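So this block is final_12.tsv, TSV, C-alpha atoms:
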chain	number	residue	atom	x	y	z
A	1156	MET	CA	17.84	7.19	26.21
A	1157	SER	CA	15.29	7.39	23.39
A	1158	ARG	CA	15.65	9.86	20.55
A	1159	ARG	CA	12.74	11.40	18.69
A	1160	VAL	CA	11.89	11.24	15.00
A	1161	LEU	CA	9.37	13.40	13.14
A	1162	LEU	CA	7.19	11.19	10.91
A	1163	ILE	CA	5.50	13.04	8.03
A	1164	ALA	CA	2.64	10.98	6.59
A	1165	TYR	CA	-0.59	11.88	4.83
A	1166	HIS	CA	-1.81	8.28	5.17
A	1167	TYR	CA	-2.65	8.01	8.86
A	1168	PRO	CA	-5.81	7.31	10.88
A	1169	PRO	CA	-8.64	8.30	10.57
A	1170	LEU	CA	-8.05	8.03	6.80
A	1171	ARG	CA	-9.70	4.96	5.31
A	1172	GLY	CA	-9.13	3.20	2.02
A	1173	SER	CA	-5.35	2.88	1.69
A	1174	SER	CA	-3.12	0.05	2.83
A	1175	GLY	CA	-0.36	2.67	3.10
A	1176	ILE	CA	-1.86	3.76	6.42
A	1177	GLN	CA	-0.36	0.67	8.02
A	1178	ARG	CA	3.26	1.65	7.32
A	1179	ALA	CA	3.26	4.95	9.19
A	1180	LEU	CA	0.83	3.69	11.84
A	1181	ARG	CA	2.91	0.64	12.78
A	1182	PHE	CA	6.15	2.64	12.77
A	1183	SER	CA	4.53	5.05	15.22
A	1184	GLN	CA	3.32	2.09	17.27
A	1185	TYR	CA	6.56	0.08	17.53
A	1186	LEU	CA	9.45	2.54	17.20
A	1187	SER	CA	9.60	3.18	20.95
A	1188	GLU	CA	10.56	-0.49	21.44
A	1189	PHE	CA	13.76	0.20	19.50
A	1190	GLY	CA	14.94	3.45	21.03
A	1191	TRP	CA	13.01	6.04	19.00
A	1192	GLU	CA	10.00	8.11	20.11
A	1193	PRO	CA	7.79	9.07	17.14
A	1194	ILE	CA	6.12	12.44	16.58
A	1195	VAL	CA	3.56	12.34	13.76
A	1196	LEU	CA	2.89	15.26	11.42
A	1197	THR	CA	-0.13	14.44	9.28
A	1198	ALA	CA	-2.98	16.20	7.46
A	1199	HIS	CA	-6.18	17.50	8.96
A	1200	PRO	CA	-8.94	14.88	8.45
A	1201	ARG	CA	-10.95	17.30	6.31
A	1202	ALA	CA	-8.43	16.55	3.54
A	1203	TYR	CA	-9.30	12.84	3.54
A	1204	PRO	CA	-11.79	11.54	0.96
A	1205	ASP	CA	-13.00	8.85	3.37
A	1206	LYS	CA	-12.62	8.43	7.13
A	1207	SER	CA	-13.06	5.72	9.74
A	1208	ASP	CA	-12.27	5.65	13.45
A	1209	ASP	CA	-11.47	1.93	13.57
A	1210	LEU	CA	-7.65	2.39	13.55
A	1211	LEU	CA	-7.45	5.37	15.88
A	1212	ALA	CA	-7.30	2.99	18.85
A	1213	ASP	CA	-4.00	1.63	17.48
A	1214	VAL	CA	-2.30	5.02	17.81
A	1215	PRO	CA	-0.40	4.75	21.14
A	1216	PRO	CA	-1.72	7.24	23.74
A	1217	GLY	CA	1.71	8.79	24.28
A	1218	VAL	CA	2.40	9.54	20.62
A	1219	ILE	CA	2.15	13.22	19.67
A	1220	VAL	CA	0.03	13.60	16.53
A	1221	GLU	CA	-0.12	17.03	14.85
A	1222	ARG	CA	-2.89	17.33	12.24
A	1223	ALA	CA	-1.84	20.37	10.23
A	1224	PHE	CA	-4.10	22.51	8.06
A	1225	ALA	CA	-4.82	20.78	4.74
A	1226	LEU	CA	-7.44	20.82	2.00
A	1227	ASP	CA	-8.18	18.61	-0.97
A	1228	THR	CA	-8.08	21.02	-3.91
A	1229	SER	CA	-10.52	18.97	-6.00
A	1230	ARG	CA	-13.17	19.15	-3.26
A	1231	HIS	CA	-12.50	22.36	-1.36
A	1232	LEU	CA	-11.11	24.78	-3.94
A	1233	ALA	CA	-12.94	23.78	-7.12
A	1234	LEU	CA	-15.62	25.84	-8.85
A	1235	ALA	CA	-17.93	23.85	-11.11
A	1236	GLY	CA	-15.43	21.01	-10.91
A	1237	ARG	CA	-12.47	23.12	-12.06
A	1238	TYR	CA	-9.55	24.60	-10.14
A	1239	PRO	CA	-6.29	26.41	-11.00
A	1240	ARG	CA	-3.42	24.08	-11.88
A	1241	ALA	CA	-1.17	25.87	-9.36
A	1242	PHE	CA	-3.43	24.61	-6.55
A	1243	ALA	CA	-2.66	20.98	-7.42
A	1244	LEU	CA	1.10	20.77	-7.96
A	1245	PRO	CA	2.66	18.41	-7.14
A	1246	ASP	CA	-0.73	17.06	-6.03
A	1247	ARG	CA	-4.16	18.07	-4.74
A	1248	TRP	CA	-2.89	18.34	-1.15
A	1249	ILE	CA	-0.31	21.08	-1.70
A	1250	SER	CA	-2.21	23.22	0.86
A	1251	TRP	CA	-0.95	20.77	3.48
A	1252	TRP	CA	2.57	22.15	2.86
A	1253	PHE	CA	1.41	25.63	3.98
A	1254	GLY	CA	0.01	24.18	7.22
A	1255	ALA	CA	2.73	21.62	7.87
A	1256	ILE	CA	5.80	23.86	7.65
A	1257	PRO	CA	4.94	26.15	10.61
A	1258	ALA	CA	3.50	23.17	12.51
A	1259	GLY	CA	6.59	21.09	11.79
A	1260	MET	CA	9.02	23.82	12.83
A	1261	ARG	CA	7.08	24.32	16.05
A	1262	LEU	CA	7.35	20.57	16.76
A	1263	ILE	CA	11.08	20.63	15.99
A	1264	ARG	CA	11.70	23.58	18.33
A	1265	GLN	CA	9.59	22.06	21.10
A	1266	TYR	CA	10.60	18.38	20.97
A	1267	HIS	CA	14.05	18.46	19.33
A	1268	PRO	CA	13.76	15.37	17.09
A	1269	ALA	CA	17.03	13.88	15.86
A	1270	ALA	CA	15.72	12.98	12.39
A	1271	ILE	CA	12.89	13.50	9.90
A	1272	TRP	CA	11.04	10.84	7.88
A	1273	SER	CA	8.50	11.42	5.10
A	1274	THR	CA	6.60	8.90	3.02
A	1275	TYR	CA	5.31	9.01	-0.57
A	1276	PRO	CA	2.66	8.88	-1.92
A	1277	ILE	CA	1.43	11.69	-1.31
A	1278	ALA	CA	4.12	13.83	-3.07
A	1279	THR	CA	3.44	16.83	-0.82
A	1280	ALA	CA	4.75	14.77	2.12
A	1281	HIS	CA	8.21	14.76	0.52
A	1282	LYS	CA	7.92	18.48	-0.24
A	1283	ILE	CA	7.27	19.02	3.47
A	1284	GLY	CA	10.18	16.75	4.39
A	1285	ALA	CA	12.53	18.59	2.03
A	1286	THR	CA	11.56	21.99	3.42
A	1287	LEU	CA	11.83	20.99	7.08
A	1288	HIS	CA	15.18	19.34	6.38
A	1289	ARG	CA	16.46	22.54	4.76
A	1290	LEU	CA	15.16	24.79	7.54
A	1291	SER	CA	16.29	22.60	10.44
A	1292	GLY	CA	19.37	20.83	9.11
A	1293	LEU	CA	18.08	17.53	10.54
A	1294	PRO	CA	18.96	14.30	8.69
A	1295	TRP	CA	16.08	13.13	6.53
A	1296	VAL	CA	14.95	9.66	5.45
A	1297	ALA	CA	12.62	9.70	2.42
A	1298	ASP	CA	10.32	6.71	1.99
A	1299	PHE	CA	8.98	5.61	-1.42
A	1300	ARG	CA	6.13	3.14	-1.11
A	1301	ASP	CA	5.82	3.50	-4.91
A	1302	PRO	CA	8.21	4.89	-7.52
A	1303	MET	CA	7.58	8.59	-8.15
A	1304	ALA	CA	8.33	10.12	-11.60
A	1305	GLN	CA	8.08	7.14	-13.95
A	1306	ASP	CA	7.95	6.69	-17.73
A	1307	GLY	CA	4.42	7.74	-18.60
A	1308	TYR	CA	3.41	8.50	-15.00
A	1309	PRO	CA	2.03	10.93	-14.09
A	1310	GLU	CA	0.40	11.23	-17.53
A	1311	ASP	CA	0.02	15.02	-17.36
A	1312	PRO	CA	3.38	16.52	-18.47
A	1313	THR	CA	3.10	19.44	-16.05
A	1314	VAL	CA	2.47	17.15	-13.09
A	1315	TRP	CA	5.27	14.82	-14.23
A	1316	LYS	CA	7.69	17.78	-14.31
A	1317	ALA	CA	6.65	18.77	-10.77
A	1318	PHE	CA	7.20	15.18	-9.61
A	1319	LYS	CA	10.59	15.00	-11.29
A	1320	GLN	CA	11.78	18.29	-9.79
A	1321	LEU	CA	10.69	17.14	-6.33
A	1322	GLU	CA	12.29	13.74	-6.84
A	1323	LEU	CA	15.62	15.40	-7.67
A	1324	GLN	CA	15.28	17.55	-4.57
A	1325	VAL	CA	14.64	14.44	-2.46
A	1326	PHE	CA	17.75	12.60	-3.64
A	1327	GLN	CA	19.91	15.68	-3.20
A	1328	GLY	CA	18.75	16.24	0.37
A	1329	CYS	CA	17.90	12.92	2.00
A	1330	ARG	CA	20.39	10.79	3.91
A	1331	PHE	CA	18.62	7.58	2.90
A	1332	ALA	CA	15.78	6.74	0.50
A	1333	THR	CA	13.82	3.60	1.36
A	1334	PHE	CA	11.84	1.44	-1.05
A	1335	THR	CA	9.43	-1.44	-0.62
A	1336	SER	CA	10.73	-3.60	-3.47
A	1337	PRO	CA	14.06	-4.56	-5.07
A	1338	GLY	CA	12.77	-3.60	-8.51
A	1339	ALA	CA	12.17	-0.01	-7.45
A	1340	ILE	CA	15.74	0.25	-6.16
A	1341	GLN	CA	17.10	-1.17	-9.40
A	1342	THR	CA	15.09	1.38	-11.40
A	1343	TYR	CA	16.39	4.28	-9.36
A	1344	ARG	CA	19.98	3.06	-9.50
A	1345	GLN	CA	19.69	3.13	-13.29
A	1346	THR	CA	18.04	6.56	-13.26
A	1347	TYR	CA	20.55	8.09	-10.81
A	1348	PRO	CA	23.79	6.14	-11.27
A	1349	ASP	CA	25.86	8.72	-9.37
A	1350	LEU	CA	24.02	8.25	-6.06
A	1351	PRO	CA	26.08	6.72	-3.22
A	1352	THR	CA	25.59	2.97	-3.14
A	1353	ASP	CA	24.29	2.98	0.44
A	1354	LYS	CA	21.67	5.69	-0.13
A	1355	LEU	CA	18.92	3.42	-1.52
A	1356	VAL	CA	17.66	0.94	1.07
A	1357	LEU	CA	15.10	-1.87	0.92
A	1358	LEU	CA	12.44	-1.59	3.65
A	1359	GLU	CA	9.56	-3.87	2.74
A	1360	ASN	CA	5.98	-3.73	3.92
A	1361	GLY	CA	4.58	-6.39	6.23
A	1362	TYR	CA	1.71	-7.48	8.46
A	1363	ASP	CA	0.85	-6.76	12.07
A	1364	GLU	CA	0.57	-9.87	14.24
A	1365	GLU	CA	-1.36	-8.18	17.04
A	1366	VAL	CA	-4.12	-7.05	14.68
A	1367	PHE	CA	-4.29	-10.52	13.15
A	1368	THR	CA	-4.68	-11.96	16.64
A	1369	ARG	CA	-7.64	-9.64	17.23
A	1370	ALA	CA	-9.04	-10.49	13.82
A	1371	GLU	CA	-8.99	-14.20	14.58
A	1372	SER	CA	-11.41	-13.59	17.45
A	1373	THR	CA	-13.93	-11.98	15.05
A	1374	MET	CA	-13.78	-14.65	12.36
A	1375	PRO	CA	-17.16	-16.27	13.15
A	1376	SER	CA	-18.98	-12.98	12.54
A	1377	ILE	CA	-17.19	-12.33	9.23
A	1378	SER	CA	-17.22	-15.74	7.60
A	1379	VAL	CA	-20.23	-16.07	5.32
A	1380	ARG	CA	-20.74	-19.47	3.75
A	1381	THR	CA	-22.05	-19.31	0.21
A	1382	GLY	CA	-21.85	-22.96	-0.78
A	1383	ARG	CA	-19.14	-21.97	-3.24
A	1384	LYS	CA	-15.39	-21.42	-3.02
A	1385	VAL	CA	-14.88	-17.75	-2.15
A	1386	LEU	CA	-11.83	-16.08	-3.70
A	1387	LEU	CA	-11.28	-12.65	-2.12
A	1388	HIS	CA	-9.56	-9.52	-3.39
A	1389	SER	CA	-9.44	-7.03	-0.52
A	1390	GLY	CA	-8.81	-3.41	-1.48
A	1391	ILE	CA	-8.76	-0.96	-4.36
A	1392	VAL	CA	-8.98	-2.28	-7.92
A	1393	TYR	CA	-7.23	0.37	-10.00
A	1394	SER	CA	-8.41	0.75	-13.60
A	1395	MET	CA	-4.90	0.37	-15.02
A	1396	GLU	CA	-2.50	-1.15	-12.50
A	1397	ARG	CA	-4.96	-3.84	-11.34
A	1398	ASP	CA	-7.22	-4.03	-14.38
A	1399	PRO	CA	-9.28	-7.26	-14.13
A	1400	THR	CA	-10.49	-7.17	-17.75
A	1401	GLN	CA	-8.71	-10.37	-18.79
A	1402	LEU	CA	-9.82	-12.12	-15.61
A	1403	PHE	CA	-13.44	-11.24	-16.34
A	1404	THR	CA	-12.99	-12.35	-19.96
A	1405	ALA	CA	-11.53	-15.66	-18.78
A	1406	LEU	CA	-14.45	-16.21	-16.40
A	1407	GLY	CA	-16.91	-15.42	-19.18
A	1408	GLN	CA	-15.32	-17.94	-21.53
A	1409	LEU	CA	-15.23	-20.63	-18.85
A	1410	LYS	CA	-18.87	-20.03	-17.99
A	1411	ARG	CA	-19.97	-20.18	-21.64
A	1412	ALA	CA	-18.03	-23.43	-21.98
A	1413	ASN	CA	-19.99	-24.81	-19.01
A	1414	ASP	CA	-16.78	-25.49	-17.13
A	1415	PRO	CA	-17.90	-27.30	-13.95
A	1416	LEU	CA	-15.30	-25.59	-11.77
A	1417	VAL	CA	-16.70	-22.11	-12.50
A	1418	SER	CA	-20.05	-22.95	-10.95
A	1419	GLN	CA	-18.20	-23.60	-7.68
A	1420	LEU	CA	-16.50	-20.17	-7.63
A	1421	LEU	CA	-17.44	-16.76	-6.22
A	1422	ILE	CA	-14.96	-13.89	-6.55
A	1423	ARG	CA	-15.53	-11.29	-3.84
A	1424	LEU	CA	-14.07	-7.85	-4.57
A	1425	ARG	CA	-14.04	-5.95	-1.28
A	1426	ALA	CA	-13.77	-2.13	-1.17
A	1427	THR	CA	-12.72	-1.73	-4.81
A	1428	GLY	CA	-13.29	2.02	-5.04
A	1429	ASN	CA	-14.45	1.22	-8.60
A	1430	ASP	CA	-17.68	-0.73	-8.18
A	1431	SER	CA	-19.75	0.83	-10.98
A	1432	ARG	CA	-17.13	0.09	-13.66
A	1433	LEU	CA	-16.60	-3.46	-12.41
A	1434	GLN	CA	-20.34	-4.08	-12.32
A	1435	GLU	CA	-20.62	-2.97	-15.95
A	1436	MET	CA	-17.69	-5.20	-16.94
A	1437	ALA	CA	-19.20	-8.22	-15.20
A	1438	ALA	CA	-22.56	-7.62	-16.89
A	1439	ARG	CA	-20.94	-7.45	-20.34
A	1440	GLU	CA	-19.28	-10.81	-19.76
A	1441	GLY	CA	-22.41	-12.35	-18.25
A	1442	ILE	CA	-20.67	-13.20	-14.97
A	1443	THR	CA	-22.57	-11.09	-12.43
A	1444	ASP	CA	-23.39	-14.33	-10.60
A	1445	LEU	CA	-19.65	-15.03	-10.20
A	1446	ILE	CA	-18.66	-11.56	-8.93
A	1447	GLU	CA	-19.63	-10.06	-5.58
A	1448	LEU	CA	-18.87	-6.38	-5.02
A	1449	ALA	CA	-18.63	-5.80	-1.26
A	1450	PRO	CA	-18.34	-2.53	0.71
A	1451	ALA	CA	-15.44	-1.38	2.86
A	1452	ILE	CA	-15.30	-2.75	6.41
A	1453	PRO	CA	-13.05	-1.98	9.41
A	1454	TYR	CA	-9.45	-3.13	9.05
A	1455	ALA	CA	-9.59	-5.90	11.66
A	1456	ASP	CA	-12.75	-7.24	10.02
A	1457	ALA	CA	-11.01	-7.17	6.63
A	1458	LEU	CA	-8.19	-9.30	8.06
A	1459	ALA	CA	-10.74	-11.66	9.64
A	1460	GLU	CA	-12.31	-12.08	6.23
A	1461	MET	CA	-8.91	-12.95	4.73
A	1462	LEU	CA	-8.57	-15.65	7.36
A	1463	SER	CA	-12.00	-17.11	6.67
A	1464	VAL	CA	-12.31	-17.32	2.89
A	1465	ASP	CA	-11.21	-20.22	0.70
A	1466	GLY	CA	-8.60	-18.28	-1.24
A	1467	LEU	CA	-7.05	-14.85	-1.78
A	1468	LEU	CA	-6.62	-13.01	-5.08
A	1469	VAL	CA	-3.72	-10.74	-6.06
A	1470	LEU	CA	-4.14	-8.35	-9.02
A	1471	GLN	CA	-0.97	-6.53	-10.10
A	1472	GLY	CA	-0.16	-5.43	-13.65
A	1473	SER	CA	3.27	-5.60	-15.28
A	1474	SER	CA	3.51	-1.79	-15.17
A	1475	CYS	CA	3.99	-2.28	-11.41
A	1476	ASN	CA	6.72	-4.93	-11.57
A	1477	GLY	CA	8.85	-2.83	-9.23
A	1478	GLN	CA	6.08	-2.60	-6.64
A	1479	ILE	CA	4.62	-5.05	-4.11
A	1480	PRO	CA	1.13	-4.33	-2.72
A	1481	ALA	CA	1.14	-4.19	1.08
A	1482	LYS	CA	-1.76	-6.63	1.20
A	1483	ALA	CA	0.48	-9.34	-0.27
A	1484	TYR	CA	2.19	-9.71	3.11
A	1485	GLU	CA	-1.18	-9.83	4.87
A	1486	TYR	CA	-2.24	-12.55	2.44
A	1487	LEU	CA	0.83	-14.57	3.38
A	1488	ARG	CA	0.08	-14.20	7.09
A	1489	ALA	CA	-3.52	-15.28	6.55
A	1490	ARG	CA	-2.12	-18.65	5.45
A	1491	ARG	CA	-4.84	-19.13	2.86
A	1492	PRO	CA	-4.26	-20.31	-0.72
A	1493	VAL	CA	-3.28	-17.45	-3.02
A	1494	LEU	CA	-3.99	-16.96	-6.72
A	1495	ALA	CA	-1.60	-14.26	-7.95
A	1496	LEU	CA	-2.46	-12.66	-11.28
A	1497	THR	CA	0.71	-10.70	-11.87
A	1498	ASP	CA	3.74	-10.68	-14.14
A	1499	PRO	CA	5.76	-13.81	-13.25
A	1500	ILE	CA	9.02	-11.81	-13.49
A	1501	GLY	CA	7.85	-8.94	-11.25
A	1502	ASP	CA	8.64	-8.32	-7.58
A	1503	THR	CA	5.15	-9.30	-6.42
A	1504	ALA	CA	5.46	-12.70	-8.06
A	1505	ASP	CA	8.91	-13.10	-6.51
A	1506	VAL	CA	7.55	-12.55	-2.99
A	1507	ILE	CA	4.66	-14.96	-3.60
A	1508	ARG	CA	6.94	-17.59	-5.15
A	1509	ARG	CA	9.56	-17.39	-2.38
A	1510	ALA	CA	6.75	-18.03	0.10
A	1511	GLY	CA	6.18	-21.40	-1.58
A	1512	ILE	CA	3.18	-20.46	-3.74
A	1513	ASP	CA	3.28	-21.29	-7.45
A	1514	THR	CA	-0.27	-20.41	-8.55
A	1515	ILE	CA	0.79	-17.37	-10.59
A	1516	ALA	CA	-0.36	-16.14	-14.02
A	1517	PRO	CA	-0.01	-12.84	-15.92
A	1518	LEU	CA	-2.88	-10.40	-15.31
A	1519	ASP	CA	-3.04	-9.48	-19.01
A	1520	ASN	CA	-3.23	-12.99	-20.53
A	1521	THR	CA	-6.71	-14.50	-20.83
A	1522	GLU	CA	-5.56	-17.99	-21.81
A	1523	ALA	CA	-3.01	-18.18	-19.00
A	1524	ILE	CA	-5.64	-17.02	-16.49
A	1525	MET	CA	-8.12	-19.65	-17.70
A	1526	SER	CA	-5.53	-22.38	-17.33
A	1527	MET	CA	-4.45	-21.20	-13.88
A	1528	LEU	CA	-8.05	-20.80	-12.69
A	1529	ARG	CA	-8.74	-24.43	-13.60
A	1530	ASP	CA	-5.57	-25.56	-11.87
A	1531	PHE	CA	-6.19	-23.42	-8.78
A	1532	MET	CA	-9.81	-24.52	-8.40
A	1533	THR	CA	-8.86	-28.18	-8.84
A	1534	ARG	CA	-6.20	-27.94	-6.15
A	1535	LEU	CA	-8.51	-25.92	-3.92
A	1536	THR	CA	-11.28	-28.53	-4.05
A	1537	GLN	CA	-8.70	-31.23	-3.36
A	1538	GLY	CA	-7.27	-29.31	-0.39
A	1539	ALA	CA	-3.90	-29.10	-2.16
A	1540	ALA	CA	-3.64	-25.38	-3.03
A	1541	PRO	CA	-0.37	-23.92	-1.68
A	1542	CYS	CA	-0.21	-21.54	1.30
A	1543	ALA	CA	2.72	-19.46	2.53
A	1544	SER	CA	5.52	-21.21	4.39
A	1545	ASP	CA	6.05	-20.50	8.09
A	1546	ALA	CA	9.46	-19.02	7.33
A	1547	ALA	CA	8.00	-16.52	4.87
A	1548	VAL	CA	5.32	-15.49	7.34
A	1549	LEU	CA	7.74	-14.97	10.21
A	1550	ALA	CA	10.04	-12.83	8.07
A	1551	ALA	CA	7.36	-10.27	7.21
A	1552	SER	CA	6.12	-8.87	10.54
A	1553	ARG	CA	5.69	-5.09	10.92
A	1554	ARG	CA	7.55	-5.19	14.23
A	1555	GLY	CA	10.59	-6.64	12.46
A	1556	ARG	CA	10.36	-4.01	9.72
A	1557	THR	CA	10.20	-1.29	12.40
A	1558	GLU	CA	13.38	-2.58	14.03
A	1559	GLN	CA	15.07	-2.38	10.64
A	1560	PHE	CA	13.79	1.21	10.27
A	1561	ALA	CA	15.09	2.12	13.74
A	1562	ARG	CA	18.57	0.85	12.89
A	1563	LEU	CA	18.46	2.93	9.70
A	1564	LEU	CA	17.59	6.00	11.77
A	1565	ASP	CA	20.58	5.20	13.98
A	1566	SER	CA	22.75	5.32	10.87
A	1567	ALA	CA	21.08	8.47	9.55
A	1568	ILE	CA	22.10	10.56	12.54
A	1569	GLN	CA	25.74	9.49	12.29
A	1570	PRO	CA	28.09	11.69	10.24
A	1571	SER	CA	27.84	10.61	6.60
Please re-express this file's structure in C-alpha cells.
Amino acid sequence: MSRRVLLIAYHYPPLRGSSGIQRALRFSQYLSEFGWEPIVLTAHPRAYPDKSDDLLADVPPGVIVERAFALDTSRHLALAGRYPRAFALPDRWISWWFGAIPAGMRLIRQYHPAAIWSTYPIATAHKIGATLHRLSGLPWVADFRDPMAQDGYPEDPTVWKAFKQLELQVFQGCRFATFTSPGAIQTYRQTYPDLPTDKLVLLENGYDEEVFTRAESTMPSISVRTGRKVLLHSGIVYSMERDPTQLFTALGQLKRANDPLVSQLLIRLRATGNDSRLQEMAAREGITDLIELAPAIPYADALAEMLSVDGLLVLQGSSCNGQIPAKAYEYLRARRPVLALTDPIGDTADVIRRAGIDTIAPLDNTEAIMSMLRDFMTRLTQGAAPCASDAAVLAASRRGRTEQFARLLDSAIQPS
C-alpha cells in the first residue's frame, strides 16, 4: 500500500528559468513507482518572475498540486522600487508562508501524508516545512540543493541572520537533510559537528531519460549549422558564481593573436538571464562575433540543443566548490564533449572527471583557459574530445535518484 508525502517546492511548473524545477517535478513524477504518492504544495504562479507551460504536461494527472497564495515582494509590494525589510525575510516570497500553512494543514488533514519534504532554495520553503512539521508532528526531510547560510552569503547581514536562524531550526527539526554534493555535506559536518552522523545524506541531481528521448525526436528542428564549432552553455550565467570574465578575456587575447582555432568557434549562451551585461563584456573584448546570446526555449528543446551542438560548456566558480549544477548531469547524458571551466578540486570537476572527461580548467585563470581552449578545440576538430562514459550516464538518472529518495522516506517514518 502506498504512503503519501507532502512535497513543498517553490520551483515547480509553470515556473521557467531554474534547473531546480526538475528535482521536485521528477520526484512527483516517479515516486509512485516506489511506494509513495506525492502531494505538491507550491506557490501561486503570480509569484513567479517567468512562466512557461511546457513542463506542465509532465505533472502526472493524478498528482494533487496545491498552489497556495504567494507574492513576490519586489514586484507586488514595492512602492517606487522600495519595500519594508520585514516583507522580504528570509526572502521575497515570505508571503507564501502565510498562504501555505493553512493550505498545508488542510492537505495534511484531508490526505494524511506520512512525511513532509521541503527543498531550498527558496528559504521560505524550509520555513513552511518547519512550521508544518511542528504543527503536525510528521517526520520532515529537508533538501538543500545549495548550501544556505555561508561565509559571505547572503551579503546583507540581516538576511544572513534570518538564513542562519532558519538553518538552525531546520537541523533541529528535520529527520534527514539531503544535499546534492559531497562538499556541501562536508561543510555542514564541520559547521554542526554534533549532528547525528546519519542525518546528512547525499542525494544528487540527475537527468530524465524520458525527456531526453522526446528531445531526440526534435533535434532536426533545433540544430542550426553555423559552419563553426558551437560550444553551448545552457542556463543562467550568474555575475559572481559563473562569471565568464576570464573566459571572455582569454577569447579576446586569442583573437588578437590571430589564433586559427578561435575563428572556428562560436560560444552560444542560452537563457543567461544576464544578456545586457554579457553583451557589454563581449564588446569590450572585441569578441561579439564569437559570442551568441540566445533566448530561453522550452525544456525539451533545450535538451535537443545539447544533443545537437559540438560541445557543452560548464561555468562554475570556486566559491561553489561544494555545489554541482543540475545541468552537469544533463550534459553527461547528452554524450557531447564537455569543456568544464571550474575549480579542479571542486565537486563539479570531480563529477566531470569521474565521467571520463579531463578538459577542465579554473574559471578564474585566463592563461589556463587559453591553454585549455586550444587543447579542447584541437581535440574537437580531430574528433577526439572526451564524452561521458556509459557507466557515468547510467548512474545519474532521475528515476534512480527518486528510488533513493523513496528509501530515505521509508527510513524517515521509522522511529529514530
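In this structure, atom CA of Thr1333 of chain A sits 29.6 Å away from atom CA of Arg1425 of chain A.
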- Pick out the closest residue to Gly1190 of chain A from this set: A:Val1366, A:Ala1225, A:Met1436, A:Val1160. Count only C-alpha atoms.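 Using only C-alpha atoms, the shortest distance to Gly1190 of chain A belongs to A:Val1160.
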Polymer residues at most 8 Å from Ala1255 of chain A, all atoms listed in the file, same-chain spacing of 5 or more positions, as a PDB file with C-alpha atoms, in the coordinates of the input:
ATOM      1  CA  LEU A1196       2.890  15.260  11.420  1.00  0.00           C
ATOM      2  CA  THR A1197      -0.130  14.440   9.280  1.00  0.00           C
ATOM      3  CA  ALA A1198      -2.980  16.200   7.460  1.00  0.00           C
ATOM      4  CA  ALA A1223      -1.840  20.370  10.230  1.00  0.00           C
ATOM      5  CA  PHE A1224      -4.100  22.510   8.060  1.00  0.00           C
ATOM      6  CA  ILE A1283       7.270  19.020   3.470  1.00  0.00           C
TER       7      ILE A1283
END
Using all atoms listed in the file, the best pick from A:Thr1503, A:Gln1177, A:Ser1273, A:Thr1279 as closest to Trp1252 of chain A would be A:Thr1279
Nearest to Phe1318 of chain A, restricted to all atoms listed in the file and choosing among A:Ala1449, A:Ala1278, A:Ala1547, A:Ala1297, comes out as A:Ala1278
Go through A:Ile1256, A:Leu1387, A:Leu1564, A:Ile1452 one by one, measure the shortest atom-to-atom distance of each to Cys1329 of chain A using all atoms listed in the file, and give the residue with the smallest value.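 Nearest candidate to Cys1329 of chain A out of A:Ile1256, A:Leu1387, A:Leu1564, A:Ile1452: A:Leu1564.
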List every residue of segment 1305-1399 of chain A that has an atom at most 8 Å from any atom of segment 1474-1479 of chain A, giving for each one its closest atom pair and the distance in Å to one decimal, counting only C-alpha atoms, sorted by chain and then by ascending residue number, as a Markdown table.
| residue | atom | partner | partner_atom | distance |
| --- | --- | --- | --- | --- |
| A:Thr1335 | CA | A:Ile1479 | CA | 7.0 |
| A:Ser1336 | CA | A:Gln1478 | CA | 5.7 |
| A:Pro1337 | CA | A:Gly1477 | CA | 6.9 |
| A:Gly1338 | CA | A:Gly1477 | CA | 4.1 |
| A:Ala1339 | CA | A:Gly1477 | CA | 4.7 |
| A:Thr1342 | CA | A:Gly1477 | CA | 7.8 |
| A:Glu1396 | CA | A:Ser1474 | CA | 6.6 |
Grab the residues selected above and save them as a tab-separated table (two decimals), keeping the file's coordinate frame with C-alpha atoms.
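File produced: again.tsv:
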chain	number	residue	atom	x	y	z
A	1335	THR	CA	9.43	-1.44	-0.62
A	1336	SER	CA	10.73	-3.60	-3.47
A	1337	PRO	CA	14.06	-4.56	-5.07
A	1338	GLY	CA	12.77	-3.60	-8.51
A	1339	ALA	CA	12.17	-0.01	-7.45
A	1342	THR	CA	15.09	1.38	-11.40
A	1396	GLU	CA	-2.50	-1.15	-12.50
Practice prompt. Mind checking which residues fall within 12 Å of Leu1433 of chain A, counting all atoms listed in the file, ignoring those fewer than 3 positions away in the same chain, and posting them as a ChimeraX atom specification?
Written response: /A:1391-1394,1397-1400,1402-1403,1423-1430,1436-1440,1442-1443,1446-1449
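Separating atom CA of Ser1431 of chain A from atom CA of Ala1451 of chain A is a distance of 14.7 Å.
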Which protein, DNA or RNA residues have an atom at most 10 Å from (-12.5, 13.4, 1.9), counting only C-alpha atoms? List them as a JSON list (two decimals) with C-alpha atoms, in the frame of the given file.
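Saved result, selection21.json, follows:
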[["chain", "number", "residue", "atom", "x", "y", "z"],
["A", 1170, "LEU", "CA", -8.05, 8.03, 6.80],
["A", 1171, "ARG", "CA", -9.70, 4.96, 5.31],
["A", 1200, "PRO", "CA", -8.94, 14.88, 8.45],
["A", 1201, "ARG", "CA", -10.95, 17.30, 6.31],
["A", 1202, "ALA", "CA", -8.43, 16.55, 3.54],
["A", 1203, "TYR", "CA", -9.30, 12.84, 3.54],
["A", 1204, "PRO", "CA", -11.79, 11.54, 0.96],
["A", 1205, "ASP", "CA", -13.00, 8.85, 3.37],
["A", 1206, "LYS", "CA", -12.62, 8.43, 7.13],
["A", 1226, "LEU", "CA", -7.44, 20.82, 2.00],
["A", 1227, "ASP", "CA", -8.18, 18.61, -0.97],
["A", 1229, "SER", "CA", -10.52, 18.97, -6.00],
["A", 1230, "ARG", "CA", -13.17, 19.15, -3.26],
["A", 1231, "HIS", "CA", -12.50, 22.36, -1.36]]
Using Å and a single decimal, report how far atom CA of Gln1324 of chain A sits from atom CA of Ala1285 of chain A.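 Computing the Euclidean distance for atom CA of Ala1285 of chain A and atom CA of Gln1324 of chain A yields 7.2 Å.
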Please provide the set of residues having any atom within 12 Å of Pro1541 of chain A, restricted to all atoms listed in the file, with same-chain residues fewer than 5 positions apart removed, written as an MDAnalysis selection string. chainID A and resid 1465:1467 1487 1490:1495 1507:1515 1530:1535
